[in-house]
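Novice: One file: start-v4.cif (mmCIF, C-alpha atoms).
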```cif
data_input
#
loop_
_atom_site.label_atom_id
_atom_site.label_comp_id
_atom_site.auth_asym_id
_atom_site.auth_seq_id
_atom_site.Cartn_x
_atom_site.Cartn_y
_atom_site.Cartn_z
CA MET A 1 -10.21 50.21 76.23
CA SER A 2 -13.33 51.12 78.20
CA ILE A 3 -13.15 53.60 81.05
CA PRO A 4 -14.37 52.02 84.29
CA GLN A 5 -17.57 53.66 85.45
CA ILE A 6 -17.82 54.67 89.03
CA ASP A 7 -21.26 53.88 90.26
CA ASP A 8 -23.24 56.11 92.55
CA LYS A 9 -22.77 53.85 95.52
CA GLU A 10 -19.01 54.30 95.41
CA ILE A 11 -19.52 58.02 95.42
CA THR A 12 -21.85 58.01 98.39
CA ARG A 13 -19.42 55.75 100.22
CA GLU A 14 -16.48 58.05 99.45
CA LEU A 15 -18.41 61.01 100.76
CA TRP A 16 -19.41 59.13 103.87
CA GLN A 17 -15.76 58.35 104.60
CA SER A 18 -14.46 61.86 104.04
CA ARG A 19 -12.60 63.27 107.03
CA LEU A 20 -11.12 66.52 108.24
CA PRO A 21 -7.95 66.64 110.34
CA VAL A 22 -8.48 69.25 113.04
CA ARG A 23 -6.05 70.76 115.52
CA PHE A 24 -7.66 72.21 118.64
CA ILE A 25 -5.66 74.82 120.54
CA LEU A 26 -6.66 76.35 123.83
CA SER A 27 -7.10 80.11 123.74
CA ASP A 28 -4.28 82.24 125.18
CA GLU A 29 -6.62 83.66 127.76
CA ASP A 30 -7.69 80.28 129.07
CA THR A 31 -4.15 78.89 128.94
CA THR A 32 -3.11 81.39 131.62
CA LYS A 33 -5.60 79.80 133.99
CA VAL A 34 -4.31 76.26 133.59
CA ASN A 35 -3.71 74.45 136.85
CA ARG A 36 -0.58 72.57 135.83
CA SER A 37 2.96 73.52 135.12
CA GLU A 38 2.71 72.69 131.43
CA SER A 39 0.20 74.14 128.94
CA PRO A 40 -2.09 71.79 127.09
CA GLU A 41 -0.68 70.21 123.96
CA PRO A 42 -2.78 70.80 120.86
CA LEU A 43 -5.44 68.14 120.46
CA TYR A 44 -5.58 66.44 117.08
CA LEU A 45 -8.77 64.75 115.91
CA MET A 46 -9.82 63.25 112.60
CA LEU A 47 -13.46 64.25 112.21
CA SER A 48 -16.18 63.22 109.83
CA ARG A 49 -17.22 66.13 107.63
CA HIS A 50 -20.91 65.66 108.25
CA ILE A 51 -21.19 65.51 112.00
CA TYR A 52 -21.74 68.47 114.27
CA PHE A 53 -19.29 69.90 116.82
CA PRO A 54 -21.44 69.05 119.85
CA CYS A 55 -20.99 65.38 118.94
CA ILE A 56 -17.36 65.64 120.08
CA VAL A 57 -17.70 68.18 122.85
CA GLU A 58 -17.53 65.52 125.54
CA LYS A 59 -14.19 64.27 124.23
CA ILE A 60 -12.80 67.79 124.16
CA SER A 61 -14.15 68.64 127.60
CA ARG A 62 -12.53 65.56 129.08
CA TYR A 63 -9.21 66.45 127.51
CA TYR A 64 -9.11 69.99 128.85
CA SER A 65 -10.55 69.19 132.24
CA ASN A 66 -7.29 67.37 132.98
CA TYR A 67 -5.52 70.70 132.89
CA PHE A 68 -7.95 72.53 135.09
CA LYS A 69 -8.43 70.04 137.89
CA GLY A 70 -9.35 71.91 140.96
CA ASN A 71 -10.48 75.12 139.38
CA LEU A 72 -12.66 74.01 136.49
CA ASN A 73 -15.93 75.15 137.98
CA ASP A 74 -14.50 77.91 140.12
CA PRO A 75 -16.78 80.84 139.29
CA THR A 76 -14.05 83.40 139.91
CA ASN A 77 -12.10 81.78 137.15
CA ASN A 78 -14.87 81.82 134.57
CA ILE A 79 -13.64 78.44 133.38
CA ASN A 80 -16.69 76.35 132.96
CA LEU A 81 -17.25 73.61 130.46
CA ASN A 82 -20.70 75.04 129.76
CA ASN A 83 -18.92 78.06 128.38
CA LEU A 84 -17.12 75.99 125.79
CA TRP A 85 -17.08 77.45 122.30
CA PHE A 86 -14.93 77.18 119.19
CA GLU A 87 -13.44 79.93 117.09
CA TYR A 88 -11.80 80.11 113.69
CA GLU A 89 -10.12 83.39 112.67
CA SER A 90 -12.26 85.37 115.14
CA ILE A 91 -15.47 83.73 114.01
CA PRO A 92 -17.45 81.82 116.64
CA LEU A 93 -18.45 78.52 115.03
CA LYS A 94 -22.13 77.59 114.95
CA TRP A 95 -22.87 74.18 116.37
CA HIS A 96 -25.78 73.29 114.12
CA TYR A 97 -23.93 73.34 110.80
CA PRO A 98 -22.09 70.21 109.63
CA ILE A 99 -18.36 70.57 110.36
CA GLY A 100 -17.39 70.20 106.70
CA VAL A 101 -19.63 73.10 105.67
CA LEU A 102 -18.02 75.40 108.25
CA TYR A 103 -14.57 74.33 107.04
CA ASP A 104 -15.33 74.87 103.34
CA LEU A 105 -16.99 78.23 103.86
CA TYR A 106 -14.55 79.81 106.27
CA THR A 107 -11.16 78.44 105.23
CA SER A 108 -11.79 79.20 101.56
CA SER A 109 -13.10 82.68 102.26
CA LEU A 110 -10.84 83.81 105.05
CA SER A 111 -7.63 82.02 105.60
CA THR A 112 -4.46 83.92 104.94
CA SER A 113 -2.40 80.79 104.53
CA SER A 114 -2.47 78.68 101.41
CA SER A 115 -2.67 75.42 103.33
CA HIS A 116 -5.71 74.89 105.52
CA LEU A 117 -4.92 71.48 106.95
CA PRO A 118 -5.03 70.51 109.71
CA TRP A 119 -7.88 72.91 110.41
CA GLN A 120 -6.76 74.96 113.39
CA ILE A 121 -9.57 75.80 115.77
CA ILE A 122 -9.30 77.75 119.00
CA VAL A 123 -11.06 76.34 122.02
CA HIS A 124 -12.50 78.85 124.46
CA LEU A 125 -13.65 78.02 127.94
CA SER A 126 -14.73 81.51 128.94
CA LYS A 127 -16.28 84.73 127.61
CA PHE A 128 -19.05 82.95 125.74
CA PRO A 129 -20.31 85.23 122.93
CA GLU A 130 -23.95 85.35 124.02
CA SER A 131 -25.14 87.56 121.21
CA GLU A 132 -23.65 85.42 118.46
CA LEU A 133 -23.98 81.83 119.51
CA ILE A 134 -26.32 79.47 121.26
CA ARG A 135 -24.59 77.25 123.82
CA PHE A 136 -23.72 73.74 122.72
CA PRO A 137 -26.73 71.68 123.58
CA ASP A 138 -26.92 68.12 124.81
CA ILE A 139 -26.95 65.21 122.42
CA GLU A 140 -30.77 64.97 122.38
CA CYS A 141 -31.01 68.52 121.10
CA ILE A 142 -28.64 67.81 118.24
CA GLU A 143 -30.60 64.70 117.39
CA SER A 144 -33.78 66.84 117.34
CA HIS A 145 -32.05 69.34 115.12
CA TYR A 146 -30.92 66.61 112.74
CA MET A 147 -34.40 65.05 112.61
CA THR A 148 -36.16 68.35 112.03
CA THR A 149 -33.78 69.16 109.16
CA LEU A 150 -34.50 65.74 107.66
CA LYS A 151 -38.25 66.44 107.94
CA GLU A 152 -37.80 69.76 106.20
CA ALA A 153 -35.90 68.05 103.37
CA ASP A 154 -38.67 65.49 103.00
CA ALA A 155 -41.29 68.24 103.05
CA LEU A 156 -39.58 69.70 100.00
CA LYS A 157 -38.95 66.41 98.19
CA HIS A 158 -42.14 64.50 98.97
CA LYS A 159 -44.51 66.80 100.89
CA GLY A 160 -43.28 64.97 103.99
CA GLN A 161 -45.00 61.74 102.98
CA ILE A 162 -42.04 59.41 103.20
CA ILE A 163 -40.60 60.50 106.52
CA GLY A 164 -44.11 60.71 107.93
CA ASP A 165 -44.70 57.06 107.08
CA MET A 166 -41.43 55.89 108.61
CA GLN A 167 -41.29 54.14 111.94
CA LYS A 168 -39.63 55.87 114.84
CA ARG A 169 -37.02 53.13 114.92
CA ASP A 170 -36.04 54.04 111.33
CA HIS A 171 -35.47 57.64 112.43
CA LYS A 172 -33.34 56.35 115.30
CA GLN A 173 -31.35 54.16 112.96
CA LEU A 174 -30.45 57.14 110.77
CA TRP A 175 -29.17 59.17 113.68
CA ASN A 176 -27.35 56.33 115.41
CA SER A 177 -25.71 55.26 112.16
CA LEU A 178 -24.51 58.81 111.68
CA LEU A 179 -23.04 58.91 115.20
CA GLN A 180 -21.47 55.47 114.93
CA ASP A 181 -20.21 55.94 111.39
CA LYS A 182 -22.22 53.05 109.94
CA TYR A 183 -22.64 53.63 106.21
CA GLU A 184 -24.78 50.52 105.50
CA GLY A 185 -27.03 51.10 108.49
CA PHE A 186 -27.56 54.66 107.36
CA TRP A 187 -28.22 54.04 103.68
CA ASN A 188 -30.56 51.10 104.30
CA ILE A 189 -33.00 53.69 105.62
CA ASN A 190 -31.84 56.76 103.71
CA MET A 191 -32.54 55.13 100.36
CA LYS A 192 -36.25 55.26 101.22
CA LEU A 193 -35.89 59.04 101.34
CA MET A 194 -34.44 58.98 97.83
CA ALA A 195 -37.56 57.40 96.31
CA TYR A 196 -39.93 59.24 93.98
CA THR A 197 -43.58 59.94 94.73
CA GLU A 198 -46.64 61.08 92.80
CA ASN A 199 -45.63 59.53 89.49
CA LEU A 200 -42.69 61.89 89.24
CA LYS A 201 -39.25 60.70 88.18
CA TYR A 202 -37.61 63.28 90.43
CA PHE A 203 -38.07 65.14 93.68
CA ARG A 204 -40.78 67.75 93.84
CA TYR A 205 -38.29 70.36 95.05
CA ILE A 206 -34.58 70.04 95.88
CA PRO A 207 -33.50 70.63 99.49
CA PHE A 208 -30.49 72.93 99.34
CA ARG A 209 -28.84 75.82 101.17
CA ILE A 210 -26.36 78.28 99.70
CA TYR A 211 -23.77 79.78 102.05
CA ILE A 212 -21.96 83.00 101.30
CA LEU A 213 -19.70 84.63 103.88
CA ASP A 214 -21.44 87.15 106.15
CA LYS A 215 -24.92 86.38 104.87
CA PRO A 216 -27.71 84.20 106.22
CA PHE A 217 -28.05 81.09 104.07
CA ILE A 218 -30.16 81.22 100.93
CA GLN A 219 -32.87 78.62 100.42
CA LYS A 220 -35.43 78.66 97.61
CA LEU A 221 -38.00 76.40 95.93
CA PHE A 222 -36.40 74.77 92.94
CA SER A 223 -37.64 71.87 90.87
CA PRO A 224 -34.97 69.62 89.28
CA TYR A 225 -36.91 69.19 86.04
CA ASP A 226 -38.18 71.79 83.61
CA VAL A 227 -41.42 70.24 82.37
CA GLU A 228 -42.08 72.93 79.80
CA HIS A 229 -38.78 72.36 78.03
CA SER A 230 -38.33 68.69 78.95
CA LYS A 231 -34.91 69.12 80.43
CA TRP A 232 -33.04 68.36 83.59
CA LEU A 233 -31.90 71.44 85.44
CA THR A 234 -28.29 71.80 86.50
CA LEU A 235 -26.34 73.12 89.46
CA PHE A 236 -25.70 76.26 87.43
CA ASP A 237 -29.46 76.74 86.86
CA LEU A 238 -30.14 76.33 90.57
CA LEU A 239 -27.47 78.84 91.55
CA GLN A 240 -28.48 81.39 88.93
CA TYR A 241 -32.14 81.18 89.87
CA SER A 242 -31.42 81.45 93.61
CA LEU A 243 -29.02 84.36 93.31
CA ASP A 244 -31.33 86.25 90.92
CA HIS A 245 -34.30 85.75 93.24
CA GLU A 246 -32.24 86.84 96.22
CA VAL A 247 -31.10 90.00 94.46
CA LYS A 248 -34.71 90.86 93.55
CA CYS A 249 -35.71 90.50 97.19
CA GLU A 250 -32.78 92.60 98.38
CA LYS A 251 -33.59 95.37 95.92
CA SER A 252 -37.24 95.51 96.87
CA SER A 253 -36.23 95.64 100.54
CA ASN A 254 -33.84 98.47 99.75
CA GLU A 255 -30.89 96.56 101.12
CA LYS A 256 -27.66 98.50 101.02
CA LYS A 257 -25.53 95.54 100.02
CA ILE A 258 -26.73 93.59 96.99
CA THR A 259 -25.40 90.06 96.52
CA ASN A 260 -23.28 89.44 93.44
CA ASN A 261 -25.46 87.22 91.25
CA ASN A 262 -22.82 86.35 88.70
CA VAL A 263 -22.30 82.62 89.24
CA ASP A 264 -18.97 82.70 87.40
CA ASP A 265 -17.52 84.97 90.08
CA TYR A 266 -17.72 82.19 92.63
CA ARG A 267 -16.07 78.89 93.45
CA VAL A 268 -18.86 76.41 94.13
CA ILE A 269 -17.92 73.95 96.89
CA ILE A 270 -19.90 70.93 98.11
CA HIS A 271 -18.26 68.39 100.45
CA GLY A 272 -14.95 70.11 99.80
CA VAL A 273 -15.03 69.56 96.03
CA GLU A 274 -16.13 71.74 93.11
CA PRO A 275 -18.64 69.72 91.08
CA PRO A 276 -19.07 70.64 87.40
CA LEU A 277 -21.78 73.27 87.12
CA ASN A 278 -23.61 71.29 84.44
CA THR A 279 -24.27 68.40 86.86
CA PRO A 280 -28.01 67.64 87.02
CA VAL A 281 -29.32 68.82 90.35
CA GLN A 282 -31.51 65.71 90.80
CA TRP A 283 -28.38 63.54 90.80
CA LEU A 284 -26.62 65.86 93.22
CA SER A 285 -29.57 65.71 95.57
CA GLU A 286 -29.58 61.90 95.52
CA CYS A 287 -25.85 61.31 95.75
CA PHE A 288 -24.17 64.47 97.03
CA SER A 289 -26.45 65.55 99.85
CA HIS A 290 -25.38 65.51 103.46
CA PRO A 291 -26.90 62.90 105.79
CA ASP A 292 -29.56 65.52 106.60
CA ASN A 293 -30.65 65.20 102.93
CA PHE A 294 -29.74 68.80 102.15
CA LEU A 295 -27.23 69.97 99.55
CA HIS A 296 -25.01 72.40 101.48
CA ILE A 297 -23.41 74.60 98.84
CA CYS A 298 -20.64 77.07 99.74
CA LEU A 299 -20.03 79.97 97.37
CA VAL A 300 -16.65 81.63 97.73
CA GLU A 301 -15.97 84.77 95.71
CA ASN A 302 -13.00 84.36 93.40
CA HIS A 303 -11.23 87.50 94.45
CA THR A 304 -10.79 86.08 97.95
CA ARG A 305 -9.00 83.03 96.67
CA ARG A 306 -5.55 82.74 98.28
CA MET B 1 -51.33 101.57 109.41
CA SER B 2 -50.03 99.07 111.89
CA THR B 3 -50.82 99.15 115.56
CA ASN B 4 -48.24 98.22 118.14
CA GLU B 5 -49.06 96.43 121.33
CA GLY B 6 -48.36 98.42 124.48
CA ASN B 7 -45.74 96.17 125.97
CA GLU B 8 -43.42 95.96 122.96
CA ASN B 9 -40.10 97.68 122.85
CA ASP B 10 -38.31 98.83 119.73
CA ALA B 11 -36.02 95.83 119.45
CA PHE B 12 -38.91 93.41 119.18
CA SER B 13 -41.60 95.40 117.49
CA ILE B 14 -43.59 93.50 114.94
CA ASP B 15 -46.22 95.30 112.89
CA ALA B 16 -49.56 93.70 113.59
CA SER B 17 -50.79 94.57 110.15
CA ASN B 18 -54.29 93.75 109.06
CA SER B 19 -53.67 94.55 105.46
CA ALA B 20 -51.81 92.21 103.17
CA THR B 21 -48.57 93.39 101.60
CA ASN B 22 -48.39 93.95 97.90
CA ASN B 23 -47.62 90.45 96.65
CA ASP B 24 -46.41 89.65 93.16
CA GLU B 25 -48.48 87.48 90.86
CA VAL B 26 -47.45 83.85 90.68
CA ASN B 27 -45.33 83.24 87.64
CA THR B 28 -47.01 80.18 86.16
CA GLY B 29 -45.84 77.75 83.55
CA SER B 30 -42.47 77.00 85.02
CA ALA B 31 -41.96 74.08 87.34
CA ARG B 32 -39.69 76.35 89.28
CA SER B 33 -42.26 78.94 90.27
CA GLY B 34 -42.54 79.70 93.92
CA PRO B 35 -45.68 80.02 96.02
CA SER B 36 -47.96 82.98 95.53
CA ASN B 37 -46.90 84.69 98.75
CA ASP B 38 -43.86 85.87 96.84
CA SER B 39 -42.37 88.68 98.82
CA GLU B 40 -40.34 89.97 95.87
CA GLY B 41 -42.91 92.71 95.38
CA GLY B 42 -43.07 93.83 99.01
CA SER B 43 -40.38 94.07 101.61
CA LYS B 44 -42.31 92.30 104.37
CA VAL B 45 -43.36 88.73 104.89
CA VAL B 46 -46.91 88.27 106.14
CA PHE B 47 -47.52 85.24 108.34
CA LEU B 48 -50.16 83.75 110.59
CA LEU B 49 -49.31 82.54 114.08
CA LYS B 50 -51.44 79.62 115.23
CA ALA B 51 -51.40 78.00 118.66
CA ALA B 52 -50.71 74.29 119.12
CA GLY B 53 -49.81 71.93 121.93
CA GLY B 54 -51.70 73.83 124.62
CA ALA B 55 -50.06 77.19 123.97
CA PRO B 56 -52.01 80.39 124.72
CA ILE B 57 -53.96 81.75 121.77
CA LEU B 58 -52.92 85.16 120.47
CA LYS B 59 -55.55 87.81 119.82
CA LYS B 60 -53.65 89.08 116.84
CA LYS B 61 -52.91 86.29 114.43
CA LYS B 62 -51.62 88.10 111.38
CA TRP B 63 -48.15 89.61 111.52
CA ALA B 64 -45.61 91.13 109.13
CA LEU B 65 -41.82 91.20 109.32
CA PRO B 66 -38.92 92.16 107.05
CA ARG B 67 -37.48 89.15 105.16
CA SER B 68 -34.18 89.26 106.99
CA LYS B 69 -35.65 88.75 110.47
CA THR B 70 -35.01 85.29 111.85
CA ILE B 71 -37.15 82.60 113.43
CA GLY B 72 -35.16 83.28 116.59
CA HIS B 73 -36.35 86.89 116.52
CA ILE B 74 -39.98 85.71 116.43
CA VAL B 75 -39.34 83.25 119.26
CA GLU B 76 -37.79 85.96 121.45
CA PHE B 77 -40.67 88.28 120.71
CA LEU B 78 -43.26 85.65 121.62
CA LYS B 79 -41.52 84.87 124.91
CA LYS B 80 -42.00 88.46 126.02
CA TYR B 81 -45.35 89.09 124.36
CA MET B 82 -46.94 86.00 125.88
CA LYS B 83 -45.18 86.71 129.20
CA LEU B 84 -43.81 83.18 129.46
CA ASP B 85 -42.08 82.12 132.65
CA ALA B 86 -38.52 80.82 132.59
CA GLN B 87 -39.52 77.19 132.21
CA GLN B 88 -42.03 77.90 129.44
CA GLN B 89 -39.42 79.94 127.60
CA GLN B 90 -37.23 76.85 127.30
CA GLN B 91 -40.11 75.00 125.73
CA LEU B 92 -41.26 77.42 123.04
CA PHE B 93 -41.08 75.94 119.54
CA LEU B 94 -42.07 77.34 116.17
CA TYR B 95 -43.17 74.87 113.49
CA VAL B 96 -43.63 75.04 109.74
CA ASN B 97 -46.06 72.75 107.91
CA GLN B 98 -46.94 71.30 111.30
CA ALA B 99 -43.90 69.14 110.72
CA PHE B 100 -40.53 70.70 111.46
CA ALA B 101 -38.95 73.47 113.54
CA PRO B 102 -36.47 75.57 111.51
CA ALA B 103 -33.17 76.52 113.11
CA LEU B 104 -33.33 79.84 114.97
CA ASP B 105 -31.02 81.61 112.52
CA THR B 106 -33.24 80.82 109.51
CA THR B 107 -34.66 83.99 107.96
CA ILE B 108 -38.43 84.38 107.69
CA GLY B 109 -37.78 85.28 104.04
CA SER B 110 -36.42 81.86 103.18
CA VAL B 111 -39.15 80.08 105.18
CA ASN B 112 -41.69 82.12 103.24
CA ASP B 113 -40.07 81.42 99.86
CA CYS B 114 -40.24 77.68 100.46
CA PHE B 115 -43.28 77.02 102.60
CA SER B 116 -46.01 79.56 102.15
CA SER B 117 -49.11 78.03 100.63
CA GLU B 118 -51.87 79.69 98.64
CA GLY B 119 -50.62 83.12 99.54
CA THR B 120 -50.09 82.60 103.25
CA LEU B 121 -47.31 81.48 105.52
CA VAL B 122 -48.61 79.71 108.61
CA LEU B 123 -46.41 79.12 111.63
CA HIS B 124 -47.51 77.08 114.62
CA TYR B 125 -46.11 77.81 118.05
CA ALA B 126 -46.20 75.32 120.90
CA LEU B 127 -44.98 74.89 124.44
CA THR B 128 -44.27 71.22 123.88
CA GLN B 129 -42.46 69.43 121.07
CA ALA B 130 -45.76 69.00 119.27
CA TRP B 131 -44.17 67.58 116.15
CA GLY B 132 -40.91 66.22 117.52
#
```
Please express the file's structure as structure tokens.
Specialist:
Amino acid sequence: MSIPQIDDKEITRELWQSRLPVRFILSDEDTTKVNRSESPEPLYLMLSRHIYFPCIVEKISRYYSNYFKGNLNDPTNNINLNNLWFEYESIPLKWHYPIGVLYDLYTSSLSTSSSHLPWQIIVHLSKFPESELIRFPDIECIESHYMTTLKEADALKHKGQIIGDMQKRDHKQLWNSLLQDKYEGFWNINMKLMAYTENLKYFRYIPFRIYILDKPFIQKLFSPYDVEHSKWLTLFDLLQYSLDHEVKCEKSSNEKKITNNNVDDYRVIIHGVEPPLNTPVQWLSECFSHPDNFLHICLVENHTRR
Amino acid sequence: MSTNEGNENDAFSIDASNSATNNDEVNTGSARSGPSNDSEGGSKVVFLLKAAGGAPILKKKKWALPRSKTIGHIVEFLKKYMKLDAQQQQQLFLYVNQAFAPALDTTIGSVNDCFSSEGTLVLHYALTQAWG
């Protein structure tokens, strides 16, 4: 009996449809300033893993403004929807990372409970942490951020040739499809960004970022194909190369804390799953990237596993 | 030795160095080799700041920063150094490859590792969204 093969399109569709159940709870401090007799119920939302928090800020603001009618913009109260920020286990959440990446990195590294769903996030309406976060921007800013990330990915894959040749309306279609959850609309354009250029059968370099708790993300130049040895390079190769390079840089900068560059000491998480480390990185880039065309790879040290 | 401009304070000091850092040789032969401005051998990243989109031109163009400093750090420095008014400060953008603006928390080390070319990292700064 033959084993049915899953084709790549099914995989990209599965990833597109992946969701995170989130429970938003108002902070204790802000709850005391509520203008109604009852405190806000937790807000439950089912969110796509690859959107950004600012995409849903309006929905959240509307929900909480019901509880603060009358004193929402009262300056003595410090309740102001511009001061909205989200926290998980004392960590202010960055708005410009895809939601799924934040979930994978922080719940795997930090949570004291064994079950992380629904993801419980604390909503703050005051005491914005100025030194750690940038305020949630408007929707145009997030679109700019998404587009610039896409351009960076294309710069690595194709020297920017493909995205540079695209019409503005194609760029718009990518973003709008992402916002409106339209898989076909998105991939009709995105597949152009998966093409090969310059007579290569692969991308010039792979767009990827490695996230380890308490460190800025790691990004390096990495080609998916070893021409000298005629072989496809794997996720393991990419991780080993990146960590080794990072350690060399840390040592020559006399950093106090040197990153652990033993790949086997980490769980490797992309889109919430742990792909086999011998997966060719070219395939991952084509089928397992986020809509911004980057592979967002979370490394969680094994000893923190709960 | 580096010279510091008079109106810098410690938190935003950047060495305006005219000498290149000690860069490692490019490791050739492997498809994986990075650009020749490999900062493995030195602790600082050397970069050129070029004006675009009507921004004021800096006298000093060559700068050096530790790898771990962020794009945001450079942006904050430029806001003060170029004495931008409040409105201009909102509009300051830093571009790589004259194509994209990295997120403010990106380290200059990773920008250098990926986008320096022929031994140099060039960043363009603009007071308009010159490249979207």
Novice: Which of these residues is nearest to chain B, using all atoms listed in the file: A:Ser27, A:Asn254, A:Thr234, A:Asn82?
Specialist: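 Nearest candidate to chain B out of A:Ser27, A:Asn254, A:Thr234, A:Asn82: A:Asn254.
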Novice: Residues of chain A were defined as contacting chain B if any atom lay at most 7 Å from it, counting only C-alpha atoms; please report them as a PyMOL selection string.
Specialist: chain A and resi 148+151-152+218-223+226-228+248-249+252-253
Novice: Taking the file as I've supplied it (selection: the PyMOL selection byres ((chain A and resi 9) around 12)), which residues are included? Please answer as an MDAnalysis selection string.
Specialist: chainID A and resid 5:8 10:16 183:184 187 191 286:288
Novice: Considering all atoms listed in the file, return as a PyMOL selection string whatever protein or nucleic-acid residues lie within 12 Å of Ile122 (chain A), sequence-local ones (same chain, fewer than 4 positions apart) excluded.
Specialist: chain A and resi 22-31+42-43+60+84-93+126
Novice: Evaluated on this file, the PyMOL selection byres ((chain A and resi 170) around 12) picks out some residues - which ones are they, written as a ChimeraX atom specification?
Specialist: /A:147,162-169,171-177,185-193
Novice: Counting all atoms listed in the file, find the residues whose atoms lie at most 12 Å from (-40.2, 73.5, 127.3) (file coordinates) and write them out as a short mmCIF file (atom, residue, chain, number, x, y, z; two decimals) with C-alpha atoms, keeping the file's coordinate frame.
Specialist:
```cif
data_model
loop_
_atom_site.label_atom_id
_atom_site.label_comp_id
_atom_site.auth_asym_id
_atom_site.auth_seq_id
_atom_site.Cartn_x
_atom_site.Cartn_y
_atom_site.Cartn_z
CA GLY B 53 -49.81 71.93 121.93
CA GLY B 54 -51.70 73.83 124.62
CA ALA B 55 -50.06 77.19 123.97
CA LYS B 79 -41.52 84.87 124.91
CA LEU B 84 -43.81 83.18 129.46
CA ASP B 85 -42.08 82.12 132.65
CA ALA B 86 -38.52 80.82 132.59
CA GLN B 87 -39.52 77.19 132.21
CA GLN B 88 -42.03 77.90 129.44
CA GLN B 89 -39.42 79.94 127.60
CA GLN B 90 -37.23 76.85 127.30
CA GLN B 91 -40.11 75.00 125.73
CA LEU B 92 -41.26 77.42 123.04
CA PHE B 93 -41.08 75.94 119.54
CA LEU B 94 -42.07 77.34 116.17
CA TYR B 125 -46.11 77.81 118.05
CA ALA B 126 -46.20 75.32 120.90
CA LEU B 127 -44.98 74.89 124.44
CA THR B 128 -44.27 71.22 123.88
CA GLN B 129 -42.46 69.43 121.07
CA ALA B 130 -45.76 69.00 119.27
#
```
Novice: Write out as number ranges by chain which residues come within 12 Å of Arg209 (chain A) when counting only C-alpha atoms, dropping same-chain ones fewer than 4 positions away.
Specialist: A: 97, 101, 149, 152-153, 215-222, 238-239, 242-243, 269-270, 285, 289-290, 292-299; B: 106, 110-111, 114
Novice: In Å, with one decimal, what is the gap from CA of His271 (chain A) to CA of Gly100 (chain A)?
Specialist: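 Those two atoms sit 6.6 Å apart.
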Novice: Counting only C-alpha atoms, which residue out of A:Glu301, A:Glu143, A:Glu246, A:Glu58 sits closest to Asp265 (chain A)?
Specialist: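 When distances to Asp265 (chain A) are compared using only C-alpha atoms, the smallest one comes from A:Glu301.
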Novice: What does the distance between CA of Gln240 (chain A) and CA of Leu150 (chain A) come to in Å, to one decimal place?
Specialist: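 Distance between the two atoms: 25.1 Å.
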Novice: Expressed in Å to a single decimal, how great is the separation between CA of Val122 (chain B) and CA of Gln98 (chain B)?
Specialist: 9.0 Å
Novice: With 12 Å as the threshold, what does the neighbourhood of (-26.8, 64.8, 121.6) contain in terms of residues, counting all atoms listed in the file? Coordinates are those of the file; answer as a compact mmCIF listing (two decimals) with C-alpha atoms, in the frame of the given file.
Specialist:
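Generated file (point.txt):
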```
# COMPACT_ATOMS: atom_id res chain seq x y z
CA ILE A 51 -21.19 65.51 112.00
CA TYR A 52 -21.74 68.47 114.27
CA PHE A 53 -19.29 69.90 116.82
CA PRO A 54 -21.44 69.05 119.85
CA CYS A 55 -20.99 65.38 118.94
CA ILE A 56 -17.36 65.64 120.08
CA VAL A 57 -17.70 68.18 122.85
CA GLU A 58 -17.53 65.52 125.54
CA TRP A 95 -22.87 74.18 116.37
CA HIS A 96 -25.78 73.29 114.12
CA PHE A 136 -23.72 73.74 122.72
CA PRO A 137 -26.73 71.68 123.58
CA ASP A 138 -26.92 68.12 124.81
CA ILE A 139 -26.95 65.21 122.42
CA GLU A 140 -30.77 64.97 122.38
CA CYS A 141 -31.01 68.52 121.10
CA ILE A 142 -28.64 67.81 118.24
CA GLU A 143 -30.60 64.70 117.39
CA SER A 144 -33.78 66.84 117.34
CA HIS A 145 -32.05 69.34 115.12
CA TYR A 146 -30.92 66.61 112.74
CA MET A 147 -34.40 65.05 112.61
CA TRP A 175 -29.17 59.17 113.68
CA ASN A 176 -27.35 56.33 115.41
CA LEU A 178 -24.51 58.81 111.68
CA LEU A 179 -23.04 58.91 115.20
```
Novice: Considering all atoms listed in the file, return as a list in words whatever protein or nucleic-acid residues lie within 9 Å of Thr279 (chain A), sequence-local ones (same chain, fewer than 4 positions apart) excluded.
Specialist: Leu233, Thr234, Leu235, Phe236, Pro275, Trp283 and Leu284 of chain A
Novice: Given all atoms listed in the file as the basis, pick out the residue of B:Ala64, B:Val75, B:His124, B:Met82 nearest to Ala51 (chain B).
Specialist: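 Once distances to Ala51 (chain B) are computed over all atoms listed in the file, the minimum belongs to B:His124.
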Novice: To test your reading of the syntax: which residues would the PyMOL selection byres ((chain B and resi 121) around 8) return for the file shown? Reply as a tab-separated table (two decimals) with C-alpha atoms, in the frame of the given file.
Specialist:
```tsv
chain	number	residue	atom	x	y	z
B	37	ASN	CA	-46.90	84.69	98.75
B	46	VAL	CA	-46.91	88.27	106.14
B	47	PHE	CA	-47.52	85.24	108.34
B	48	LEU	CA	-50.16	83.75	110.59
B	112	ASN	CA	-41.69	82.12	103.24
B	115	PHE	CA	-43.28	77.02	102.60
B	116	SER	CA	-46.01	79.56	102.15
B	117	SER	CA	-49.11	78.03	100.63
B	119	GLY	CA	-50.62	83.12	99.54
B	120	THR	CA	-50.09	82.60	103.25
B	122	VAL	CA	-48.61	79.71	108.61
B	123	LEU	CA	-46.41	79.12	111.63
```
Novice: Tell me which protein, DNA and RNA residues are within 9 Å of Tyr67 (chain A), counting only C-alpha atoms, leaving out same-chain ones fewer than 5 positions away, and put them as a ChimeraX atom specification.
Specialist: /A:34-36,38-40,72
